[in-house]
Every structure is written in C-alpha cells, then in structure tokens.
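File shown: query_1.txt. Contents: compact mmCIF, C-alpha atoms and all ligand atoms.
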```txt
# COMPACT_ATOMS: atom_id res chain seq x y z
CA MET P 71 -0.53 98.79 -14.89
CA THR P 72 2.18 98.06 -17.50
CA ALA P 73 2.84 94.47 -18.62
CA LYS P 74 6.32 93.11 -17.89
CA ALA P 75 8.47 92.68 -21.00
CA LYS P 76 9.13 89.12 -22.11
CA ILE P 77 12.60 87.85 -21.17
CA LYS P 78 14.70 87.60 -24.32
CA LEU P 79 16.87 84.69 -25.48
CA LYS P 80 20.41 84.82 -26.85
CA VAL P 81 21.96 81.72 -28.40
CA CYS P 82 25.71 82.22 -28.28
CA GLY P 83 28.63 80.48 -29.95
CA MET P 84 27.04 79.93 -33.36
CA ARG P 85 29.44 79.25 -36.22
CA LEU P 86 28.22 76.84 -38.90
CA ALA P 87 25.97 78.21 -41.66
CA ASP P 88 23.44 75.33 -41.71
CA ASN P 89 23.21 75.28 -37.94
CA ILE P 90 22.76 79.08 -37.85
CA ILE P 91 19.83 78.78 -40.27
CA ASP P 92 18.29 75.83 -38.40
CA VAL P 93 18.50 77.66 -35.06
CA SER P 94 17.09 80.84 -36.65
CA THR P 95 13.81 78.99 -37.35
CA PHE P 96 13.17 79.21 -33.58
CA MET P 97 13.58 83.00 -33.78
CA PRO P 98 15.81 83.65 -30.75
CA ASP P 99 16.13 87.39 -30.06
CA TYR P 100 19.94 87.34 -30.30
CA MET P 101 22.64 85.14 -31.81
CA GLY P 102 26.25 85.44 -30.64
CA PHE P 103 29.36 84.91 -32.80
CA ILE P 104 32.72 84.47 -31.13
CA PHE P 105 35.68 86.42 -32.50
CA PHE P 106 38.20 84.96 -30.04
CA GLU P 107 40.87 82.72 -31.57
CA ASP P 108 41.31 80.53 -28.47
CA SER P 109 37.66 79.49 -28.34
CA PRO P 110 36.48 76.24 -29.95
CA ARG P 111 33.58 78.40 -31.17
CA PHE P 112 35.80 80.92 -33.00
CA VAL P 113 34.10 81.94 -36.24
CA GLY P 114 37.36 82.65 -38.08
CA GLU P 115 38.88 85.80 -39.57
CA LYS P 116 36.67 86.15 -42.63
CA PHE P 117 33.30 85.39 -41.13
CA LEU P 118 30.18 86.12 -43.18
CA LEU P 119 26.65 85.53 -41.93
CA PRO P 120 24.31 83.45 -44.10
CA GLU P 121 22.16 85.80 -46.19
CA GLU P 122 18.97 83.95 -45.18
CA LEU P 123 19.42 84.86 -41.49
CA PRO P 124 16.27 86.85 -40.54
CA ALA P 125 17.09 90.52 -39.94
CA THR P 126 14.98 90.57 -36.77
CA ILE P 127 17.49 88.32 -34.98
CA GLU P 128 20.01 90.69 -33.38
CA ARG P 129 23.59 89.60 -34.15
CA VAL P 130 26.27 89.97 -31.47
CA GLY P 131 30.03 89.86 -32.03
CA VAL P 132 31.82 88.52 -28.93
CA PHE P 133 35.34 89.88 -28.32
CA VAL P 134 38.03 89.42 -25.67
CA ASN P 135 40.48 92.28 -25.12
CA LYS P 136 40.72 93.36 -28.77
CA SER P 137 41.51 96.95 -29.76
CA THR P 138 38.72 99.12 -31.13
CA GLU P 139 40.45 99.22 -34.50
CA ARG P 140 40.65 95.42 -34.67
CA ILE P 141 36.99 95.04 -33.65
CA MET P 142 35.89 97.51 -36.34
CA ASN P 143 38.01 95.67 -38.95
CA LEU P 144 36.63 92.25 -38.00
CA LEU P 145 33.05 93.53 -38.08
CA ASN P 146 33.47 95.28 -41.40
CA GLY P 147 31.04 93.77 -43.93
CA THR P 148 29.35 91.45 -41.40
CA GLY P 149 26.40 93.75 -40.62
CA ILE P 150 26.96 93.10 -36.90
CA THR P 151 26.21 96.23 -34.83
CA THR P 152 26.21 94.85 -31.27
CA VAL P 153 29.38 93.80 -29.45
CA GLN P 154 29.79 91.76 -26.30
CA LEU P 155 33.05 92.66 -24.57
CA HIS P 156 34.08 89.56 -22.65
CA GLY P 157 37.48 90.56 -21.23
CA SER P 158 38.77 93.46 -19.17
CA GLU P 159 37.77 96.22 -21.61
CA THR P 160 37.74 99.72 -20.11
CA VAL P 161 34.92 102.24 -19.82
CA GLU P 162 36.84 104.41 -22.31
CA GLN P 163 36.85 101.64 -24.91
CA CYS P 164 33.10 101.05 -24.43
CA LEU P 165 32.52 104.76 -25.10
CA GLU P 166 34.81 104.67 -28.13
CA LEU P 167 32.96 101.70 -29.62
CA ARG P 168 29.65 103.44 -28.95
CA GLN P 169 30.93 106.47 -30.85
CA ASN P 170 31.50 104.05 -33.75
CA GLY P 171 27.78 103.27 -33.70
CA LEU P 172 27.86 99.96 -31.82
CA GLU P 173 25.54 98.74 -29.08
CA ILE P 174 27.56 97.49 -26.10
CA ILE P 175 27.06 94.45 -23.87
CA LYS P 176 29.80 94.40 -21.19
CA THR P 177 30.50 91.08 -19.51
CA PHE P 178 31.48 90.64 -15.87
CA SER P 179 32.73 87.27 -14.62
CA ILE P 180 31.00 86.46 -11.36
CA ASP P 181 32.18 84.51 -8.34
CA ASP P 182 31.11 84.61 -4.69
CA ASP P 183 33.36 87.61 -4.01
CA PHE P 184 32.16 89.74 -6.90
CA ASN P 185 31.58 93.38 -5.95
CA PHE P 186 28.91 95.17 -8.00
CA GLU P 187 30.76 98.47 -7.33
CA ASP P 188 32.96 97.26 -10.25
CA THR P 189 30.09 97.64 -12.71
CA LYS P 190 29.17 101.20 -11.63
CA PRO P 191 31.74 103.08 -13.77
CA TYR P 192 30.23 101.40 -16.87
CA VAL P 193 26.63 102.45 -16.24
CA ASP P 194 26.62 105.33 -18.75
CA ALA P 195 28.92 103.63 -21.24
CA VAL P 196 27.04 100.45 -22.10
CA ASP P 197 23.57 99.24 -23.09
CA PHE P 198 23.56 95.97 -21.15
CA PHE P 199 25.64 94.00 -18.70
CA LEU P 200 26.15 90.25 -19.08
CA PHE P 201 26.83 88.31 -15.90
CA ASP P 202 28.71 85.08 -16.65
CA THR P 203 30.36 82.50 -14.39
CA LYS P 204 34.01 83.12 -13.56
CA GLY P 205 35.97 80.02 -14.56
CA LYS P 206 38.98 78.59 -16.30
CA TYR P 207 37.97 80.09 -19.66
CA TYR P 208 36.85 83.60 -20.59
CA GLY P 209 33.48 82.13 -21.54
CA GLY P 210 31.74 78.83 -22.20
CA ASN P 211 32.60 77.38 -18.77
CA ALA P 212 29.31 75.43 -18.64
CA LYS P 213 28.81 76.30 -14.97
CA THR P 214 26.24 78.43 -13.20
CA PHE P 215 27.24 80.94 -10.54
CA ASN P 216 25.38 81.49 -7.28
CA TRP P 217 22.45 83.58 -8.54
CA ASN P 218 21.70 84.81 -4.98
CA ILE P 219 24.59 87.23 -5.54
CA LEU P 220 22.33 89.13 -7.93
CA THR P 221 20.27 90.37 -4.95
CA ARG P 222 23.23 92.74 -4.46
CA TYR P 223 22.72 94.27 -7.93
CA HIS P 224 20.60 97.45 -7.85
CA GLN P 225 21.71 99.41 -10.91
CA GLN P 226 19.59 100.56 -13.82
CA VAL P 227 21.49 98.70 -16.56
CA PRO P 228 19.49 95.59 -17.61
CA PHE P 229 21.49 92.38 -17.71
CA PHE P 230 21.87 89.13 -19.62
CA LEU P 231 22.20 86.09 -17.34
CA SER P 232 24.76 83.59 -18.58
CA GLY P 233 26.81 80.60 -17.52
CA GLY P 234 25.73 76.98 -17.62
CA LEU P 235 22.10 77.62 -18.60
CA ASN P 236 20.23 74.61 -19.98
CA GLU P 237 16.75 73.13 -20.23
CA ASP P 238 16.92 71.91 -16.61
CA ASN P 239 17.68 75.25 -14.95
CA ILE P 240 16.19 77.85 -17.32
CA LYS P 241 12.82 77.86 -15.51
CA ASP P 242 14.59 78.75 -12.24
CA ALA P 243 16.53 81.48 -14.07
CA LEU P 244 13.21 83.08 -15.03
CA LEU P 245 12.48 83.61 -11.32
CA LEU P 246 15.07 86.42 -11.49
CA LYS P 247 12.90 88.45 -13.85
CA ASP P 248 12.08 91.15 -11.29
CA MET P 249 15.80 91.90 -10.85
CA ASN P 250 16.40 93.82 -14.10
CA LEU P 251 16.97 90.54 -15.97
CA TYR P 252 16.71 91.33 -19.68
CA ALA P 253 17.80 88.15 -21.44
CA LEU P 254 19.01 84.60 -20.91
CA ASP P 255 22.14 83.51 -22.74
CA VAL P 256 22.58 79.84 -23.66
CA ASN P 257 25.66 78.22 -25.12
CA SER P 258 27.30 74.91 -24.15
CA GLY P 259 24.08 73.74 -22.45
CA VAL P 260 22.39 73.49 -25.86
CA GLU P 261 25.22 71.89 -27.85
CA HIS P 262 26.07 68.53 -29.43
CA GLN P 263 29.68 69.77 -29.50
CA ALA P 264 31.35 73.16 -29.28
CA GLY P 265 29.75 75.44 -31.89
CA LEU P 266 27.10 72.95 -33.03
CA LYS P 267 23.75 73.63 -31.41
CA ASP P 268 21.23 70.86 -30.61
CA LEU P 269 17.86 71.81 -32.08
CA ASN P 270 15.91 69.65 -29.63
CA LYS P 271 17.49 71.44 -26.67
CA ILE P 272 16.78 74.85 -28.20
CA ARG P 273 13.17 73.83 -28.87
CA ALA P 274 12.78 72.72 -25.23
CA ILE P 275 14.13 76.05 -23.99
CA ILE P 276 11.89 78.08 -26.30
CA ASN P 277 8.88 76.14 -25.01
CA ILE P 278 9.85 76.75 -21.37
CA LEU P 279 10.21 80.48 -22.09
CA LYS P 280 6.84 80.56 -23.86
CA THR P 281 5.01 78.95 -20.96
CA ASN P 282 6.83 80.66 -18.11
CA SER P 283 7.60 84.26 -19.07
O1 LIG N 301 31.79 80.31 -25.56
C1 LIG N 301 33.00 80.54 -25.70
O2 LIG N 301 33.78 79.69 -26.15
C2 LIG N 301 33.54 81.89 -25.32
C3 LIG N 301 34.91 82.07 -25.34
C4 LIG N 301 35.45 83.31 -25.01
C5 LIG N 301 34.64 84.35 -24.66
C6 LIG N 301 33.27 84.18 -24.61
C7 LIG N 301 32.70 82.97 -24.92
N1 LIG N 301 31.33 82.78 -24.82
C8 LIG N 301 30.48 83.89 -24.54
C9 LIG N 301 29.10 83.65 -24.08
O3 LIG N 301 28.31 84.59 -24.09
C10 LIG N 301 28.66 82.33 -23.51
O4 LIG N 301 27.33 82.15 -23.87
C11 LIG N 301 28.80 82.38 -21.98
O5 LIG N 301 30.15 82.38 -21.65
C12 LIG N 301 28.12 81.17 -21.29
O6 LIG N 301 28.60 79.96 -21.78
P1 LIG N 301 28.10 78.57 -21.12
O7 LIG N 301 28.58 78.54 -19.71
O8 LIG N 301 28.71 77.54 -21.97
O9 LIG N 301 26.60 78.56 -21.18
```
I'd like the structure from this file rewritten - as structure tokens, please.
Amino acid sequence: MTAKAKIKLKVCGMRLADNIIDVSTFMPDYMGFIFFEDSPRFVGEKFLLPEELPATIERVGVFVNKSTERIMNLLNGTGITTVQLHGSETVEQCLELRQNGLEIIKTFSIDDDFNFEDTKPYVDAVDFFLFDTKGKYYGGNAKTFNWNILTRYHQQVPFFLSGGLNEDNIKDALLLKDMNLYALDVNSGVEHQAGLKDLNKIRAIINILKTNS
C-alpha cells in the first residue's frame, strides 16, 4: 500500500522582502508573486527575490493575460520557473511557455455553472490546475466557492484549491484530498493587509496541516 502524499501549501501574494523572509521560516512549499498591475499585491516591474529565500520553496509568478514575451521578460533574472496563468490564456500559450522551460499552473475561476469540459483541452499542456472562486477580481476575492462542484472533476491533472481559504476552513478543505487535490493556496485569509502576511495565521494553518494531512 502506498502512503498518500502530504497536501502542499502555497502562500500567494507575497511582496515585501522582510515579510517574504519571515513567512519562509514556516517553509511553505510554494510562494506566489503577483505580476498584475491592477492587484494591490503587484510586486512591481523590477522585482527581485530576497537572496536568503530558501531554494526549496518553489516560487510562482502569477500573470493575467500577458504575452509570452512579456512574461519571459518580467521573469528574467528572478529565478522564477513556475507560472500561474490567472486569466484566459490559451492552450497554445501554455505549450509555448512550457517550451521556454516553465512549469505551468492554469487557473480556472469557478462558479456553480462551471463545466469541467473547459479544462479538458489543457490536460496535456499544463502541470497543475488551480481552482479559484469566480468574483469581481481576477484573484484575491476572499470567497470560497461551492466545493461540492469538485465531485464533477475526474481528470488526471492535480489541482490547487484556492479562494477564501483561512484557518477556519482549511481543515474542511483537507477533506477533498482524495479528489486529486495537490495543494492549498492561501492569500487574503492570512493577511494583515493586501500583500502583508500575518505570521500567526500562517503558523495556525501550518499546524492544522501538520495534524490533519
Ligand atoms: O491576489 C490577487 O490580488 C490576485 C490578483 C490577480 C490575479 C491573481 C491574484 N491572486 C492569485 C491567487 O492565487 C490567490 O491566492 C487566489 O486568487 C485566492 O485568493 P483569496 O481568495 O484571497 O484567498
């Protein structure tokens, strides 16, 4: 019998050097950095990661409807090799970015009417899906979606669960672990303010993951 893999944690929307280092002491599996100008978590044009950031924390650049050329330019010199595509990026662009050596997380914004047929064309073009709540903003809506919808998902691509996760609902999110759930993505639910993460909330989440997964 093979042991089930531990559910991973991604802390998204990091931007301030001291806060990045403080959060890194909890060793989340992923950290996300938002390269979208309209977000209050935008890292800026000339973003550089702090040198002390442990190499074992996977770094993710989050983009919304940017061209491949622009993504490659923005990532140049950052050492980031995973991208989260959070808009309406095509299968062709995912393949193009893969050819440039990037790992791909493709986001889908979920509401009650979401049809998982929409994810099928991406199956061979991405590494992971990320299911986030459809809302007013591209991301960071601070709302959960109806997770029962995920019972309709039967594809082989593992997914990140996102949207409104916090210390009060993360234990329930872990109940989805037999559904190809790969990672939990936290953002506004662990913040003092946009882009500034609350270390006590991250600590609480890490402890819940340790005892429940
Ligand atoms: O967080 C943002 O401001 C954001 C803006 C534009 C595109 C993506 C964005 N966030 C990406 C994420 O992966 C968030 O973690 C995800 O949307 C969930 O956020 P929240 O509902 O606040 O937990």
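Distances here use only C-alpha atoms and all ligand atoms; by that measure, the residue among P:Gln154, P:Asn270, P:Asn216, P:Ser94 closest to ligand LIG 301 (chain N) is P:Gln154.
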- Would you mind telling me which residue in P:Asn239, P:Asn277, P:Gln225, P:Thr126 lies nearest to ligand LIG 301 (chain N) when using all atoms listed in the file?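 Result for the nearest residue to ligand LIG 301 (chain N): P:Asn239.
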Quick one: 3 Å padding each side, axis-aligned, all listed atoms of segment 251-268 of chain P - centre and edge lengths in Å to one decimal, as JSON?
```
{"center_x": 24.0, "center_y": 79.9, "center_z": -24.5, "size_x": 20.6, "size_y": 28.8, "size_z": 23.1}
```
- Item | Distance query 9 Å from (30.5, 78.0, -38.6) using all atoms listed in the file, result as a ChimeraX atom specification | /P:84-90,111-114,117,265-266
- Note on the structure: Counting all atoms listed in the file, the residue among P:Val196, P:Asn146, P:Asp182, P:Asp108 that lies closest to Thr160 of chain P is P:Val196
- Task: Counting only C-alpha atoms and all ligand atoms, name the residues that have an atom within 7 Å of an atom of ligand LIG 301 (chain N); the answer should be given as a PyMOL selection string.
- Result: chain P and resi 82-83+102+104+106+109-111+132-134+156+202-203+207-214+232-235+255-259
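The two atoms in question, atom CA of Ala253 of chain P and atom CA of Leu231 of chain P, are spaced 6.4 Å apart.
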- Message: I want to know what sits within 12 Å of segment 280-282 of chain P, based on all atoms listed in the file, with residues of the same chain fewer than 6 positions away left out; could you give that as number ranges by chain?
- Response: P: 76-79, 96, 98, 240-245, 247, 273-274
